[in-house]
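Here is the structure we will look at.
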Amino acid sequence: MTQSVAGEDVIRLIGVRETPLSIDEAYAAVGAPGAGGIAVFAGTVRDHDHARAVSRLSYSAHPTVERELRAVMEKVAADHPVLGLAAVHRVGDLEIGDIAVVVAASSAHRAEAFAACRSLIDDLKANVPIWKHQTFADGDDEWVGAC
């Protein structure tokens, strides 16, 4: 069961989308009158990986992705004193510099917001069924497990 604040679910924004992501949307979603800290993380597509130039990148997701993402968020809410959580991941073809994932957490204090935000991105990467297919400038490609 997800924590609640005055009867509200702390999971305020959850999604997997083919459209560009917004840091502002995630920030606004977790805002709360009692929030003394809001931590936001945005993961972007970089032009290299393992010291190799990346030319293209695409994300795909399993049909259960939102259910698994919700489970991760529920665990973060159970483990941290959060007021709001947001997590949105992009799928499809992305360009260098595009935002691939945004997570946010609000809490009464900054240390709690930072800890919850870090846990959310780390657990998302470890447990949510999203895969990255990257093509290198030399034509080689590779699939990378969950996010």
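Going through the structure tokens in order, the chains are called A, B, and so on, while each chain numbers its residues from 1 and the ligands are numbered from 1 in the order shown.
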
Counting only C-alpha atoms, what is within 12 Å of A:Glu68, bar same-chain residues fewer than 5 positions away, as a compact mmCIF listing (two decimals) with N, CA and C atoms, in the first residue's frame?
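Wrote it out as result-v2.txt, contents follow:
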# COMPACT_ATOMS: atom_id res chain seq x y z
N ILE A 14 3.09 9.06 -13.15
CA ILE A 14 3.73 7.81 -13.56
C ILE A 14 3.43 7.64 -15.05
N GLY A 15 4.45 7.26 -15.81
CA GLY A 15 4.17 7.05 -17.22
C GLY A 15 5.37 6.59 -18.02
N VAL A 16 5.04 6.04 -19.18
CA VAL A 16 6.02 5.64 -20.19
C VAL A 16 5.47 6.19 -21.49
N ALA A 61 9.88 -1.11 -24.15
CA ALA A 61 9.40 -1.53 -22.83
C ALA A 61 8.48 -2.74 -22.96
N HIS A 62 8.48 -3.55 -21.93
CA HIS A 62 7.57 -4.68 -21.82
C HIS A 62 6.16 -4.15 -21.55
N PRO A 63 5.12 -4.87 -21.97
CA PRO A 63 3.75 -4.41 -21.72
C PRO A 63 3.41 -4.18 -20.24
N MET A 73 7.74 2.45 -7.31
CA MET A 73 7.36 3.70 -6.64
C MET A 73 6.69 3.42 -5.29
N GLU A 74 5.88 2.38 -5.21
CA GLU A 74 5.25 2.02 -3.94
C GLU A 74 6.29 1.63 -2.89
N LYS A 75 7.34 0.93 -3.33
CA LYS A 75 8.41 0.56 -2.39
C LYS A 75 9.16 1.79 -1.92
N ALA A 87 7.60 9.68 -11.82
CA ALA A 87 8.55 8.94 -12.65
C ALA A 87 7.95 8.79 -14.04
N ASP A 123 16.26 2.10 -8.39
CA ASP A 123 15.36 0.95 -8.43
C ASP A 123 14.65 0.84 -9.78
N LEU A 124 14.31 1.98 -10.38
CA LEU A 124 13.72 1.97 -11.72
C LEU A 124 14.69 1.29 -12.70
N LYS A 125 15.94 1.72 -12.68
CA LYS A 125 16.93 1.16 -13.60
C LYS A 125 17.14 -0.34 -13.37
N ALA A 126 17.08 -0.77 -12.13
CA ALA A 126 17.34 -2.17 -11.80
C ALA A 126 16.15 -3.09 -12.03
N ASN A 127 14.91 -2.56 -11.93
CA ASN A 127 13.76 -3.45 -11.88
C ASN A 127 12.66 -3.24 -12.91
N VAL A 128 12.65 -2.11 -13.59
CA VAL A 128 11.57 -1.84 -14.54
C VAL A 128 11.98 -2.34 -15.92
N PRO A 129 11.11 -3.11 -16.60
CA PRO A 129 11.49 -3.74 -17.87
C PRO A 129 11.50 -2.77 -19.07
N ILE A 130 12.57 -1.98 -19.11
CA ILE A 130 12.83 -1.05 -20.21
C ILE A 130 14.23 -1.38 -20.72
N ALA A 146 17.51 -3.70 -18.37
CA ALA A 146 16.56 -2.72 -17.81
C ALA A 146 17.19 -1.34 -17.76

Which residues, written as a ChimeraX atom specification, have at least one atom at most 9 Å from stretch 95-106 of chain A, with only C-alpha atoms counted and residues fewer than 5 positions away on the same chain left out? /A:20-23,26-27,29-32,34-47,54-59,81-90,112-118,120-121

Which of chain A end up as strand (DSSP E or B) when DSSP is run on this backbone - answer as number ranges by chain? A: 4-5, 8-9, 11-17, 37-44, 48-49, 52-61, 82-90, 92-94, 99-107, 130-136, 141-144

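Between atom CA of A:Ala137 and atom CA of A:Thr19 the separation is 24.9 Å.
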